[in-house]
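Colleague: Pasting coords-v5.txt here (compact mmCIF, C-alpha atoms):
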```
# COMPACT_ATOMS: atom_id res chain seq x y z
CA MET A 1 -101.00 15.58 10.40
CA THR A 2 -100.33 15.95 6.70
CA ILE A 3 -101.09 13.25 4.22
CA ALA A 4 -101.09 14.21 0.55
CA ILE A 5 -102.34 12.36 -2.51
CA ALA A 6 -101.51 12.55 -6.20
CA ARG A 7 -102.55 10.89 -9.42
CA SER A 8 -101.39 10.74 -13.01
CA GLU A 9 -102.56 9.01 -16.15
CA LYS A 10 -99.79 10.29 -18.38
CA GLY A 11 -98.61 7.90 -21.06
CA THR A 12 -95.07 7.20 -19.92
CA VAL A 13 -93.44 6.39 -16.59
CA ALA A 14 -91.26 9.52 -16.80
CA GLU A 15 -94.25 11.80 -17.44
CA ALA A 16 -96.42 10.16 -14.81
CA VAL A 17 -93.79 10.28 -12.06
CA ARG A 18 -92.98 13.89 -13.00
CA GLU A 19 -96.66 14.77 -12.52
CA LEU A 20 -96.67 13.09 -9.08
CA MET A 21 -93.51 15.02 -8.15
CA ASP A 22 -95.12 18.29 -9.23
CA THR A 23 -98.20 17.57 -7.10
CA PHE A 24 -96.11 16.68 -4.05
CA ALA A 25 -93.72 19.57 -4.68
CA SER A 26 -93.92 21.23 -1.30
CA SER A 27 -94.15 18.03 0.77
CA LYS A 28 -91.27 16.59 2.78
CA ILE A 29 -92.06 12.96 2.10
CA LYS A 30 -91.15 10.29 4.62
CA MET A 31 -93.15 7.43 3.10
CA LEU A 32 -94.90 7.06 -0.22
CA VAL A 33 -97.26 4.24 -1.18
CA TYR A 34 -98.51 3.88 -4.74
CA PHE A 35 -100.63 1.67 -6.97
CA ALA A 36 -100.05 1.62 -10.72
CA SER A 37 -101.63 0.21 -13.84
CA THR A 38 -99.42 -2.32 -15.65
CA LYS A 39 -99.36 0.08 -18.61
CA TYR A 40 -96.36 1.39 -16.66
CA ALA A 41 -93.61 -1.23 -16.98
CA PRO A 42 -93.18 -2.64 -13.45
CA SER A 43 -89.39 -2.49 -13.16
CA GLU A 44 -89.32 0.95 -14.76
CA ILE A 45 -91.90 2.59 -12.53
CA SER A 46 -90.45 1.09 -9.37
CA ALA A 47 -86.95 2.34 -10.21
CA LYS A 48 -88.23 5.76 -11.30
CA MET A 49 -90.33 6.25 -8.17
CA GLN A 50 -87.37 5.46 -5.92
CA SER A 51 -84.94 7.68 -7.83
CA SER A 52 -87.44 10.54 -7.93
CA PHE A 53 -88.11 10.46 -4.18
CA PRO A 54 -84.70 9.26 -2.93
CA LEU A 55 -85.20 10.15 0.73
CA ALA A 56 -88.59 8.46 1.10
CA THR A 57 -89.49 4.89 1.96
CA ILE A 58 -91.44 3.80 -1.11
CA PHE A 59 -93.53 0.73 -1.81
CA GLY A 60 -96.54 -0.25 -3.90
CA CYS A 61 -97.93 -2.72 -6.38
CA SER A 62 -99.56 -3.13 -9.77
CA SER A 63 -103.31 -2.74 -9.94
CA ALA A 64 -106.48 -3.68 -11.81
CA GLY A 65 -107.94 -0.19 -11.69
CA GLU A 66 -107.22 2.60 -9.25
CA ILE A 67 -109.20 4.66 -6.74
CA PHE A 68 -108.51 8.33 -6.19
CA GLN A 69 -110.63 10.59 -3.99
CA GLY A 70 -114.07 10.40 -5.55
CA LYS A 71 -113.05 8.54 -8.70
CA MET A 72 -112.51 5.00 -9.93
CA THR A 73 -109.91 5.14 -12.69
CA LYS A 74 -108.01 2.86 -15.05
CA GLY A 75 -104.57 3.18 -16.61
CA SER A 76 -103.26 5.52 -13.94
CA VAL A 77 -100.91 5.69 -10.98
CA VAL A 78 -102.15 6.93 -7.60
CA ALA A 79 -99.92 7.77 -4.65
CA MET A 80 -100.18 8.82 -1.01
CA ALA A 81 -97.38 10.65 0.78
CA PHE A 82 -96.78 10.85 4.53
CA ASP A 83 -94.54 13.38 6.26
CA ASP A 84 -92.99 13.49 9.74
CA ALA A 85 -96.17 14.91 11.21
CA SER A 86 -98.27 11.99 10.00
CA LEU A 87 -95.86 9.11 10.43
CA VAL A 88 -93.47 8.43 13.29
CA ASP A 89 -91.61 5.63 11.51
CA VAL A 90 -91.85 2.92 8.85
CA LYS A 91 -89.86 -0.11 7.75
CA VAL A 92 -90.44 -2.14 4.58
CA ALA A 93 -89.37 -5.73 3.98
CA VAL A 94 -89.77 -8.05 1.00
CA VAL A 95 -90.69 -11.71 1.46
CA LYS A 96 -89.50 -13.56 -1.64
CA ASN A 97 -90.04 -16.99 -3.20
CA LEU A 98 -93.54 -17.48 -1.79
CA SER A 99 -94.16 -20.50 -4.01
CA ARG A 100 -91.13 -22.29 -2.51
CA LYS A 101 -91.47 -21.56 1.20
CA ILE A 102 -93.15 -18.85 3.19
CA ASP A 103 -90.82 -17.52 5.81
CA VAL A 104 -91.33 -14.07 7.33
CA ARG A 105 -88.58 -14.38 9.96
CA ASP A 106 -86.04 -12.20 8.14
CA ALA A 107 -88.69 -9.55 7.57
CA TYR A 108 -89.58 -9.56 11.26
CA ILE A 109 -85.93 -9.45 12.34
CA SER A 110 -85.52 -6.33 10.18
CA PHE A 111 -88.59 -4.79 11.84
CA GLU A 112 -87.24 -5.55 15.30
CA ARG A 113 -83.83 -4.05 14.50
CA HIS A 114 -85.42 -0.95 13.02
CA PHE A 115 -87.96 -0.27 15.78
CA GLY A 116 -85.88 -1.68 18.64
CA ALA A 117 -88.77 -3.79 19.92
CA PRO A 118 -89.83 -7.43 19.52
CA VAL A 119 -92.70 -7.81 17.02
CA ASN A 120 -94.52 -10.17 19.39
CA GLU A 121 -94.69 -7.39 21.98
CA MET A 122 -95.71 -4.53 19.69
CA LYS A 123 -99.13 -3.09 20.50
CA PRO A 124 -101.64 -3.25 17.64
CA SER A 125 -102.93 0.17 18.68
CA ASN A 126 -99.50 1.72 17.98
CA TYR A 127 -98.39 -0.18 14.90
CA LEU A 128 -100.04 -1.04 11.62
CA GLY A 129 -98.95 -3.53 8.98
CA ILE A 130 -99.60 -3.21 5.25
CA VAL A 131 -99.25 -6.29 3.07
CA LEU A 132 -99.10 -6.19 -0.73
CA VAL A 133 -98.69 -9.56 -2.39
CA ASP A 134 -98.29 -10.96 -5.90
CA GLY A 135 -101.91 -11.55 -6.87
CA MET A 136 -101.11 -14.55 -9.07
CA CYS A 137 -99.07 -16.50 -6.52
CA GLY A 138 -102.01 -18.26 -4.84
CA ARG A 139 -100.19 -18.27 -1.50
CA GLU A 140 -101.94 -15.51 0.41
CA GLU A 141 -103.57 -17.80 3.00
CA ARG A 142 -100.20 -19.26 4.06
CA LEU A 143 -98.61 -15.83 4.04
CA MET A 144 -101.29 -14.38 6.32
CA ASP A 145 -100.95 -17.39 8.64
CA ALA A 146 -97.20 -16.83 8.87
CA ILE A 147 -97.62 -13.09 9.44
CA GLY A 148 -100.31 -13.49 12.09
CA ASP A 149 -98.62 -16.30 14.02
CA ARG A 150 -95.73 -14.08 15.08
CA THR A 151 -97.40 -10.82 16.06
CA ASN A 152 -100.57 -9.21 17.35
CA VAL A 153 -100.04 -6.26 15.00
CA LEU A 154 -102.75 -6.40 12.36
CA PHE A 155 -101.72 -6.54 8.72
CA ILE A 156 -104.15 -5.34 6.09
CA GLY A 157 -103.80 -5.05 2.33
CA GLY A 158 -104.46 -6.48 -1.08
CA SER A 159 -103.21 -8.80 -3.79
CA ALA A 160 -101.68 -6.95 -6.75
CA GLY A 161 -103.59 -6.83 -10.04
CA ASP A 162 -102.66 -6.48 -13.70
CA ASP A 163 -105.57 -4.64 -15.33
CA LEU A 164 -107.55 -7.92 -15.46
CA ASN A 165 -105.05 -9.62 -17.80
CA PHE A 166 -104.32 -12.31 -15.18
CA GLN A 167 -100.79 -12.78 -16.52
CA SER A 168 -98.30 -11.21 -14.12
CA THR A 169 -98.74 -9.04 -11.04
CA HIS A 170 -96.01 -7.14 -9.25
CA VAL A 171 -95.11 -5.67 -5.87
CA TYR A 172 -92.70 -2.76 -5.57
CA ALA A 173 -90.09 -1.82 -2.98
CA ASN A 174 -86.48 -0.60 -2.81
CA GLY A 175 -86.73 0.64 -6.40
CA LYS A 176 -87.31 -2.91 -7.63
CA SER A 177 -90.25 -4.92 -8.92
CA TYR A 178 -90.92 -8.41 -7.55
CA THR A 179 -93.12 -11.37 -8.48
CA ASP A 180 -93.76 -14.43 -6.28
CA ALA A 181 -93.22 -12.04 -3.40
CA ALA A 182 -94.92 -9.87 -0.80
CA VAL A 183 -94.05 -6.43 0.49
CA LEU A 184 -94.63 -5.99 4.21
CA ALA A 185 -94.61 -2.46 5.60
CA LEU A 186 -94.69 -1.88 9.33
CA LEU A 187 -95.88 1.64 10.16
CA LYS A 188 -96.00 3.60 13.37
CA PRO A 189 -98.54 6.32 12.52
CA ALA A 190 -98.48 9.60 14.42
CA ALA A 191 -102.23 9.55 15.06
CA PRO A 192 -104.85 6.86 15.70
CA PHE A 193 -106.01 4.73 12.80
CA GLU A 194 -108.85 2.32 12.09
CA LEU A 195 -108.77 -0.88 10.04
CA VAL A 196 -111.95 -1.72 8.18
CA LYS A 197 -113.23 -4.77 6.33
CA THR A 198 -116.48 -4.48 4.44
CA GLN A 199 -118.42 -6.75 2.12
CA SER A 200 -121.93 -6.54 0.77
CA VAL A 201 -123.55 -9.91 1.37
CA ARG A 202 -126.17 -11.53 3.53
CA GLU A 203 -126.46 -15.14 4.62
CA MET A 204 -129.15 -17.21 2.86
CA GLY A 205 -129.49 -19.65 5.74
CA VAL A 206 -127.82 -22.58 3.96
CA GLU A 207 -124.54 -24.06 5.13
CA LEU A 208 -122.18 -26.18 3.03
CA VAL A 209 -119.55 -28.01 5.07
CA VAL A 210 -116.28 -28.73 3.27
CA THR A 211 -115.84 -32.50 3.58
CA LYS A 212 -113.09 -32.98 1.00
CA ALA A 213 -110.69 -30.31 -0.23
CA ASN A 214 -107.36 -29.77 -1.85
CA GLU A 215 -106.23 -26.70 0.06
CA GLU A 216 -103.11 -25.90 -1.96
CA GLN A 217 -105.12 -25.81 -5.20
CA ARG A 218 -108.06 -23.94 -3.61
CA GLU A 219 -110.23 -26.82 -4.77
CA ILE A 220 -113.30 -28.11 -2.96
CA VAL A 221 -114.08 -31.65 -3.98
CA GLU A 222 -117.04 -32.33 -1.68
CA PHE A 223 -119.55 -30.38 0.36
CA ASN A 224 -121.65 -32.33 2.86
CA HIS A 225 -120.10 -35.58 1.46
CA ARG A 226 -121.55 -34.83 -1.98
CA PRO A 227 -119.73 -33.73 -5.15
CA ALA A 228 -119.05 -30.03 -4.57
CA ALA A 229 -120.59 -28.67 -7.77
CA GLN A 230 -123.79 -30.70 -7.23
CA ALA A 231 -124.13 -29.65 -3.60
CA TYR A 232 -123.50 -25.96 -4.38
CA ALA A 233 -125.98 -26.00 -7.29
CA GLY A 234 -128.52 -27.91 -5.17
CA ALA A 235 -128.25 -25.30 -2.42
CA LEU A 236 -129.15 -22.62 -4.96
CA GLY A 237 -131.90 -24.74 -6.51
CA VAL A 238 -130.29 -24.80 -9.96
CA SER A 239 -128.56 -27.38 -12.14
CA VAL A 240 -124.76 -27.70 -12.25
CA HIS A 241 -124.87 -26.20 -15.77
CA GLU A 242 -126.48 -23.04 -14.37
CA LEU A 243 -124.19 -22.76 -11.34
CA ALA A 244 -121.25 -20.78 -12.76
CA ALA A 245 -123.54 -17.96 -13.91
CA LEU A 246 -124.57 -17.46 -10.27
CA PHE A 247 -121.01 -17.40 -8.87
CA PRO A 248 -120.63 -13.58 -8.79
CA SER A 249 -123.93 -13.00 -7.00
CA HIS A 250 -123.79 -16.04 -4.67
CA PRO A 251 -120.32 -16.60 -3.23
CA LEU A 252 -119.65 -18.64 -0.08
CA GLY A 253 -118.28 -17.35 3.18
CA LEU A 254 -116.83 -18.51 6.45
CA VAL A 255 -118.87 -16.54 8.98
CA ILE A 256 -117.13 -15.76 12.26
CA ASP A 257 -119.14 -13.87 14.90
CA GLY A 258 -121.48 -12.67 12.15
CA GLU A 259 -118.58 -11.42 10.02
CA PRO A 260 -118.23 -13.13 6.60
CA TYR A 261 -114.80 -14.02 5.19
CA ILE A 262 -115.79 -14.52 1.56
CA ARG A 263 -114.50 -17.30 -0.68
CA SER A 264 -115.34 -16.47 -4.30
CA PRO A 265 -115.84 -19.42 -6.63
CA LYS A 266 -113.69 -19.34 -9.76
CA HIS A 267 -114.69 -22.26 -11.96
CA ILE A 268 -116.06 -25.79 -12.04
CA ALA A 269 -113.85 -28.72 -13.09
CA GLY A 270 -115.49 -32.12 -13.06
CA ASP A 271 -117.31 -32.41 -9.74
CA SER A 272 -115.03 -29.89 -8.01
CA VAL A 273 -115.36 -26.17 -7.55
CA PHE A 274 -112.20 -24.04 -7.55
CA PHE A 275 -112.11 -20.83 -5.52
CA HIS A 276 -109.97 -17.69 -5.23
CA CYS A 277 -109.32 -18.56 -1.58
CA SER A 278 -108.82 -21.94 0.04
CA SER A 279 -110.97 -23.64 2.67
CA VAL A 280 -110.03 -26.30 5.18
CA GLU A 281 -111.85 -29.63 5.51
CA GLY A 282 -114.50 -29.34 8.20
CA MET A 283 -115.04 -25.62 7.54
CA PRO A 284 -118.71 -24.60 7.35
CA LEU A 285 -119.32 -22.15 4.50
CA SER A 286 -122.50 -20.13 4.32
CA LEU A 287 -124.29 -19.50 1.07
CA LEU A 288 -124.32 -15.74 0.53
CA LYS A 289 -126.24 -13.27 -1.59
CA LEU A 290 -125.02 -9.84 -2.68
CA THR A 291 -126.59 -6.77 -1.12
CA ASN A 292 -126.26 -3.06 -1.92
CA LEU A 293 -122.56 -2.39 -2.33
CA ILE A 294 -122.83 1.40 -2.42
CA ASP A 295 -125.02 1.75 0.68
CA ASP A 296 -123.04 -0.84 2.66
CA THR A 297 -119.68 0.78 1.89
CA LYS A 298 -121.01 4.28 2.60
CA GLU A 299 -122.47 3.19 5.95
CA THR A 300 -119.32 1.30 6.97
CA LEU A 301 -117.12 4.24 6.08
CA ALA A 302 -119.31 6.73 7.96
CA ARG A 303 -119.47 4.48 11.03
CA SER A 304 -115.70 3.95 11.00
CA ILE A 305 -114.97 7.67 10.63
CA ALA A 306 -117.29 8.41 13.56
CA LYS A 307 -115.57 5.73 15.67
CA LEU A 308 -112.15 7.19 14.82
CA GLY A 309 -113.33 10.72 15.57
CA GLY A 310 -112.46 12.10 12.13
CA VAL A 311 -110.30 11.10 9.19
CA SER A 312 -107.49 12.69 7.21
CA ALA A 313 -106.85 9.95 4.65
CA VAL A 314 -108.02 6.52 3.49
CA ILE A 315 -106.30 3.67 1.65
CA VAL A 316 -108.70 1.19 0.00
CA PHE A 317 -107.97 -2.34 -1.20
CA ASN A 318 -111.06 -3.06 -3.27
CA CYS A 319 -111.72 -6.46 -4.80
CA ALA A 320 -111.69 -6.50 -8.61
CA HIS A 321 -114.89 -8.62 -8.39
CA ARG A 322 -116.61 -5.68 -6.69
CA ALA A 323 -115.30 -3.33 -9.38
CA LEU A 324 -116.70 -5.62 -12.11
CA GLU A 325 -120.04 -5.84 -10.33
CA LEU A 326 -120.15 -2.03 -10.14
CA GLU A 327 -119.33 -1.73 -13.84
CA TYR A 328 -122.02 -4.26 -14.73
CA ARG A 329 -124.58 -2.27 -12.75
CA HIS A 330 -123.29 1.12 -14.02
CA LEU A 331 -122.50 2.14 -10.44
CA THR A 332 -118.76 2.79 -10.75
CA ASP A 333 -119.03 6.58 -10.49
CA LYS A 334 -121.38 6.29 -7.55
CA TYR A 335 -118.92 4.03 -5.71
CA GLY A 336 -116.05 6.43 -6.40
CA ALA A 337 -118.19 9.23 -4.95
CA VAL A 338 -118.36 7.37 -1.62
CA PHE A 339 -114.73 8.46 -1.15
CA ALA A 340 -115.20 12.02 -2.44
CA GLU A 341 -114.94 13.82 0.89
CA VAL A 342 -111.67 12.27 2.11
CA PRO A 343 -108.19 12.15 0.55
CA THR A 344 -108.25 8.56 -0.69
CA ILE A 345 -106.16 6.25 -2.82
CA GLY A 346 -106.65 2.58 -3.52
CA PHE A 347 -106.68 -0.12 -6.13
CA ASN A 348 -108.79 -2.98 -7.41
CA SER A 349 -107.16 -6.12 -6.09
CA TYR A 350 -107.05 -9.86 -6.82
CA GLY A 351 -107.69 -10.70 -3.15
CA GLU A 352 -107.88 -8.82 0.12
CA GLN A 353 -106.11 -9.37 3.40
CA PHE A 354 -107.19 -8.62 6.96
CA ILE A 355 -106.25 -11.18 9.61
CA GLY A 356 -106.63 -13.73 6.79
CA HIS A 357 -107.09 -13.79 3.03
CA MET A 358 -110.51 -13.30 1.43
CA ASN A 359 -112.37 -12.20 -1.71
CA GLN A 360 -115.17 -9.83 -2.79
CA THR A 361 -114.25 -7.51 0.05
CA ALA A 362 -112.88 -4.02 0.55
CA THR A 363 -110.28 -3.61 3.26
CA MET A 364 -109.43 -0.07 4.28
CA ILE A 365 -107.06 1.91 6.47
CA LEU A 366 -108.43 5.14 7.92
CA PHE A 367 -105.90 7.61 9.31
CA ARG A 368 -107.15 10.28 11.71
CA MET B 1 -113.86 -42.88 31.61
CA PRO B 2 -110.90 -45.33 31.46
CA LYS B 3 -107.56 -43.75 32.41
CA GLU B 4 -105.93 -44.38 29.00
CA VAL B 5 -108.79 -42.61 27.20
CA ALA B 6 -108.66 -39.63 29.54
CA GLU B 7 -104.95 -39.23 28.82
CA MET B 8 -105.63 -39.05 25.06
CA ALA B 9 -108.16 -36.27 25.20
CA GLY B 10 -108.43 -32.58 25.94
CA LYS B 11 -104.98 -31.44 24.82
CA ILE B 12 -106.37 -29.38 21.94
CA LYS B 13 -108.62 -27.37 24.25
CA GLN B 14 -105.68 -26.82 26.63
CA LEU B 15 -103.44 -25.61 23.81
CA ILE B 16 -106.14 -23.30 22.41
CA GLU B 17 -106.79 -21.76 25.81
CA GLY B 18 -103.05 -21.35 26.38
CA ILE B 19 -102.54 -19.62 23.03
CA ILE B 20 -105.47 -17.25 23.51
CA ALA B 21 -104.40 -16.38 27.06
CA GLU B 22 -100.75 -15.87 26.14
CA ARG B 23 -101.48 -13.73 23.12
CA SER B 24 -104.37 -11.66 24.41
CA LYS B 25 -103.18 -11.17 28.01
CA GLY B 26 -106.79 -10.57 28.94
CA ASN B 27 -107.50 -8.07 26.16
CA GLU B 28 -110.91 -9.04 24.72
CA MET B 29 -110.29 -7.51 21.30
CA LEU B 30 -107.02 -9.44 20.94
CA ALA B 31 -108.67 -12.65 22.14
CA LYS B 32 -111.27 -12.24 19.38
CA VAL B 33 -108.55 -11.73 16.76
CA VAL B 34 -106.68 -14.84 17.93
CA LYS B 35 -109.90 -16.88 17.79
CA THR B 36 -110.51 -15.60 14.24
CA LYS B 37 -106.98 -16.63 13.25
CA LEU B 38 -107.62 -20.11 14.65
CA ILE B 39 -110.96 -20.49 12.84
CA LEU B 40 -109.36 -19.37 9.55
CA LYS B 41 -106.82 -22.18 10.08
CA GLY B 42 -109.74 -24.59 10.47
CA ILE B 43 -109.58 -24.83 14.26
CA ASN B 44 -112.79 -23.58 15.85
CA PRO B 45 -112.22 -23.23 19.63
CA ALA B 46 -115.94 -23.79 20.27
CA HIS B 47 -115.68 -27.32 18.86
CA TYR B 48 -113.17 -28.59 21.44
CA SER B 49 -113.80 -29.72 24.99
CA ASP B 50 -111.89 -31.62 27.68
CA GLN B 51 -113.19 -34.81 26.06
CA SER B 52 -112.08 -34.00 22.50
CA GLU B 53 -109.75 -36.57 21.00
CA ASP B 54 -106.09 -35.53 20.65
CA ASP B 55 -105.83 -35.20 16.86
CA PRO B 56 -102.07 -35.05 16.10
CA ALA B 57 -102.55 -32.85 13.00
CA ILE B 58 -104.43 -30.17 14.98
CA ILE B 59 -101.99 -30.42 17.89
CA ASN B 60 -99.11 -29.92 15.47
CA LYS B 61 -100.74 -26.78 13.99
CA LEU B 62 -101.31 -25.34 17.46
CA GLU B 63 -97.81 -26.14 18.71
CA ASN B 64 -96.35 -24.46 15.62
CA MET B 65 -98.46 -21.40 16.32
CA GLN B 66 -97.22 -21.37 19.92
CA GLN B 67 -93.59 -21.73 18.83
CA ASN B 68 -93.86 -19.06 16.14
CA LEU B 69 -94.88 -16.41 18.63
CA LYS B 70 -91.78 -17.10 20.71
CA HIS B 71 -89.32 -16.69 17.81
```
Transcribe the structure of this file into structure tokens.
Modeller:
Amino acid sequence: MTIAIARSEKGTVAEAVRELMDTFASSKIKMLVYFASTKYAPSEISAKMQSSFPLATIFGCSSAGEIFQGKMTKGSVVAMAFDDASLVDVKVAVVKNLSRKIDVRDAYISFERHFGAPVNEMKPSNYLGIVLVDGMCGREERLMDAIGDRTNVLFIGGSAGDDLNFQSTHVYANGKSYTDAAVLALLKPAAPFELVKTQSVREMGVELVVTKANEEQREIVEFNHRPAAQAYAGALGVSVHELAALFPSHPLGLVIDGEPYIRSPKHIAGDSVFFHCSSVEGMPLSLLKLTNLIDDTKETLARSIAKLGGVSAVIVFNCAHRALELEYRHLTDKYGAVFAEVPTIGFNSYGEQFIGHMNQTATMILFR
Amino acid sequence: MPKEVAEMAGKIKQLIEGIIAERSKGNEMLAKVVKTKLILKGINPAHYSDQSEDDPAIINKLENMQQNLKH
């Protein structure tokens, strides 16, 4: 099994892609996935990557910081290449116009034609889905619903970033750059793999039930039949004026079988609280408190590697909120070092996907 | 319970059980994933019994889910 990684922080697309090509020189690449800072013009880097590796299936997205074996970087492009020994097959599809209507049928038809098997009969132990989605579209929940309704194959991934400018995020496939779109890649790896979701929070023992919400806008109007901002602040024992300052350290989460699916608050408007992920009326959200991000990630990674029986490569979709928290605490280098022993690429994302959509989480793919 | 009430209850539980059985085919890990998908949609299987009222909005969500797997 051969999986190779490469990185460049050269100033231009041509120079950066040339450096990746030089690193991968001896590899016969079947599939290449990459994450790139928006300092590289989206349409230019997508076209250049495809023309530089014409025989490979290539996809990726823009990022808000990159991860490369042992390092957290900015203003770079990171890539992972798979050969025949590491990947049996792959098919990529683009789902466009997410803001108009989310329809994954054409993507799934293309998967079925390519693999010669119905997606609703594919075994999740044999196939793996990667989803990369425009991080500014606000449609990830519906997308993940549509993806998960039609197959048991698990899709994991992240929402594209744009170096924290929050202007325009891009997904890349077929030598093109797309907005308002998602790239779905269906992989049949040659060896076992493990999908991991990790977050560093603990429940504080307080539950806020969503009693009025505007799902499409990711707005919660009321918790426990009280104005949302008041109820949230009350649960933390602070005033509404003090609430926003506690958002990063005290998000909310839907806890399923002890596993939190975090909803990060974004801002307060009137009595409402807006989030980076929607919640449905009737949903009980637990008040959470951050724990040790480095130790939690290290332990999760070690446990997952042991379960898999070894690892040859890791792809990480790491929430930009986590990256900011690490910067604030001067722990960025320490977090990068968690991935020092394994060939790893990843990016800081505007949302993470695993079964559903969530925030303040790292989702990971471990390849044995 | 009056007959007309009995006929207007329990369909959600039936649909949930059908979806989990059809999708997991007895595989516990898959059953857990399907339950998670349902809870993320706002439908917690633990909250529905044979006596639960047939809420058309929830039934519609579940029937869509059932249909989507077939196509």
Colleague: Would you give the centre and edge lengths, in Å to one decimal, of a box along x, y and z around the listed atoms of segment 189-202 of chain A, with 8 Å added to each side, as AutoDock Vina command-line options?
Modeller:
```
--center_x -112.3 --center_y -1.0 --center_z 8.2 --size_x 43.7 --size_y 37.1 --size_z 30.9
```
Colleague: Taking 6 positions as the minimum chain separation for residues in the same chain, which residues sit within 8 Å of segment 40-51 of chain B when counting only C-alpha atoms? Answer as number ranges by chain.
Modeller: A: 145, 279-283, 356; B: 6, 9-14, 16, 58
Colleague: Using all atoms listed in the file, find the residues of chain A whose closest atom to chain B is at most 10 Å away, then write them as a PyMOL selection string.
Modeller: chain A and resi 105+108-109+118-121+124+141-142+144-154+254-257+261+278-284+355-357
Colleague: Need the shell around Gly65 of chain A: protein/DNA/RNA residues with any atom at most 12 Å away, counting all atoms listed in the file. Skip same-chain ones fewer than 5 positions apart. Format as a PyMOL selection string?
Modeller: chain A and resi 9+35-39+71-78+160-165+316-324+327+332+336+345-350
Colleague: Find the distance between atom CA of Val92 of chain A and atom CA of Leu186 of chain A and write it in Å to one decimal.
Modeller: 6.4 Å
Colleague: Within 9 Å of Pro248 of chain A, counting all atoms listed in the file, which residues show up once you throw out same-chain ones fewer than 5 positions away? Write them as number ranges by chain, please.
Modeller: A: 264-265, 290, 321, 325, 360
Colleague: Would you mind listing what lies within 12 Å of Val221 of chain A as a list of chain:residue names, with only C-alpha atoms counted and same-chain residues fewer than 4 positions away left out?
Modeller: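 Here the answer would be A:Val209, A:Val210, A:Thr211, A:Lys212, A:Ala213, A:Asn214, A:Glu215, A:Gln217, A:His225, A:Arg226, A:Pro227, A:Ala228, A:Ala229, A:Gln230, A:Ala231, A:Tyr232, A:Ile268, A:Ala269, A:Gly270, A:Asp271, A:Ser272, A:Val273, A:Phe274, A:Phe275, A:Ser278, A:Ser279, A:Val280, A:Glu281.
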Colleague: Please measure the separation of atom CA of Thr361 of chain A and atom CA of Gln167 of chain A, giving the value in Å to one decimal.
Modeller: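 Straight-line distance from atom CA of Thr361 of chain A to atom CA of Gln167 of chain A works out to 22.0 Å.
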Colleague: May I ask for the distance between atom CA of Ala6 of chain A and atom CA of Val311 of chain A, given in Å to one decimal place?
Modeller: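 Going from atom CA of Ala6 of chain A over to atom CA of Val311 of chain A covers 17.8 Å.
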Colleague: Which residue out of A:Lys123, A:Lys307, A:Lys48, A:Arg18 has the minimum interatomic distance to Lys25 of chain B when only C-alpha atoms are used?
Modeller: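 Closest to Lys25 of chain B, using only C-alpha atoms: A:Lys123.
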Colleague: If I only have part of segment 103-114 of chain A, can you fill in N, CA and C atoms and write it as a PDB file, in the coordinates of the input?
Modeller:
```pdb
ATOM      1  N   ASP A 103     -91.565 -17.731   4.580  1.00  0.00           N
ATOM      2  CA  ASP A 103     -90.820 -17.520   5.810  1.00  0.00           C
ATOM      3  C   ASP A 103     -90.684 -16.011   6.045  1.00  0.00           C
ATOM      4  N   VAL A 104     -91.339 -15.518   7.086  1.00  0.00           N
ATOM      5  CA  VAL A 104     -91.330 -14.070   7.330  1.00  0.00           C
ATOM      6  C   VAL A 104     -90.300 -13.689   8.401  1.00  0.00           C
ATOM      7  N   ARG A 105     -89.496 -14.666   8.839  1.00  0.00           N
ATOM      8  CA  ARG A 105     -88.580 -14.380   9.960  1.00  0.00           C
ATOM      9  C   ARG A 105     -87.614 -13.237   9.663  1.00  0.00           C
ATOM     10  N   ASP A 106     -86.999 -13.265   8.465  1.00  0.00           N
ATOM     11  CA  ASP A 106     -86.040 -12.200   8.140  1.00  0.00           C
ATOM     12  C   ASP A 106     -86.717 -10.832   8.127  1.00  0.00           C
ATOM     13  N   ALA A 107     -87.941 -10.822   7.597  1.00  0.00           N
ATOM     14  CA  ALA A 107     -88.690  -9.550   7.570  1.00  0.00           C
ATOM     15  C   ALA A 107     -88.911  -9.057   8.998  1.00  0.00           C
ATOM     16  N   TYR A 108     -89.288  -9.963   9.879  1.00  0.00           N
ATOM     17  CA  TYR A 108     -89.580  -9.560  11.260  1.00  0.00           C
ATOM     18  C   TYR A 108     -88.316  -9.165  12.017  1.00  0.00           C
ATOM     19  N   ILE A 109     -87.208  -9.838  11.704  1.00  0.00           N
ATOM     20  CA  ILE A 109     -85.930  -9.450  12.340  1.00  0.00           C
ATOM     21  C   ILE A 109     -85.593  -8.015  11.930  1.00  0.00           C
ATOM     22  N   SER A 110     -85.821  -7.699  10.636  1.00  0.00           N
ATOM     23  CA  SER A 110     -85.520  -6.330  10.180  1.00  0.00           C
ATOM     24  C   SER A 110     -86.430  -5.319  10.856  1.00  0.00           C
ATOM     25  N   PHE A 111     -87.683  -5.690  11.116  1.00  0.00           N
ATOM     26  CA  PHE A 111     -88.590  -4.790  11.840  1.00  0.00           C
ATOM     27  C   PHE A 111     -88.099  -4.567  13.264  1.00  0.00           C
ATOM     28  N   GLU A 112     -87.680  -5.650  13.900  1.00  0.00           N
ATOM     29  CA  GLU A 112     -87.240  -5.550  15.300  1.00  0.00           C
ATOM     30  C   GLU A 112     -85.989  -4.687  15.425  1.00  0.00           C
ATOM     31  N   ARG A 113     -85.057  -4.860  14.476  1.00  0.00           N
ATOM     32  CA  ARG A 113     -83.830  -4.050  14.500  1.00  0.00           C
ATOM     33  C   ARG A 113     -84.172  -2.575  14.298  1.00  0.00           C
ATOM     34  N   HIS A 114     -85.091  -2.331  13.360  1.00  0.00           N
ATOM     35  CA  HIS A 114     -85.420  -0.950  13.020  1.00  0.00           C
ATOM     36  C   HIS A 114     -86.140  -0.243  14.173  1.00  0.00           C
TER      37      HIS A 114
END
```
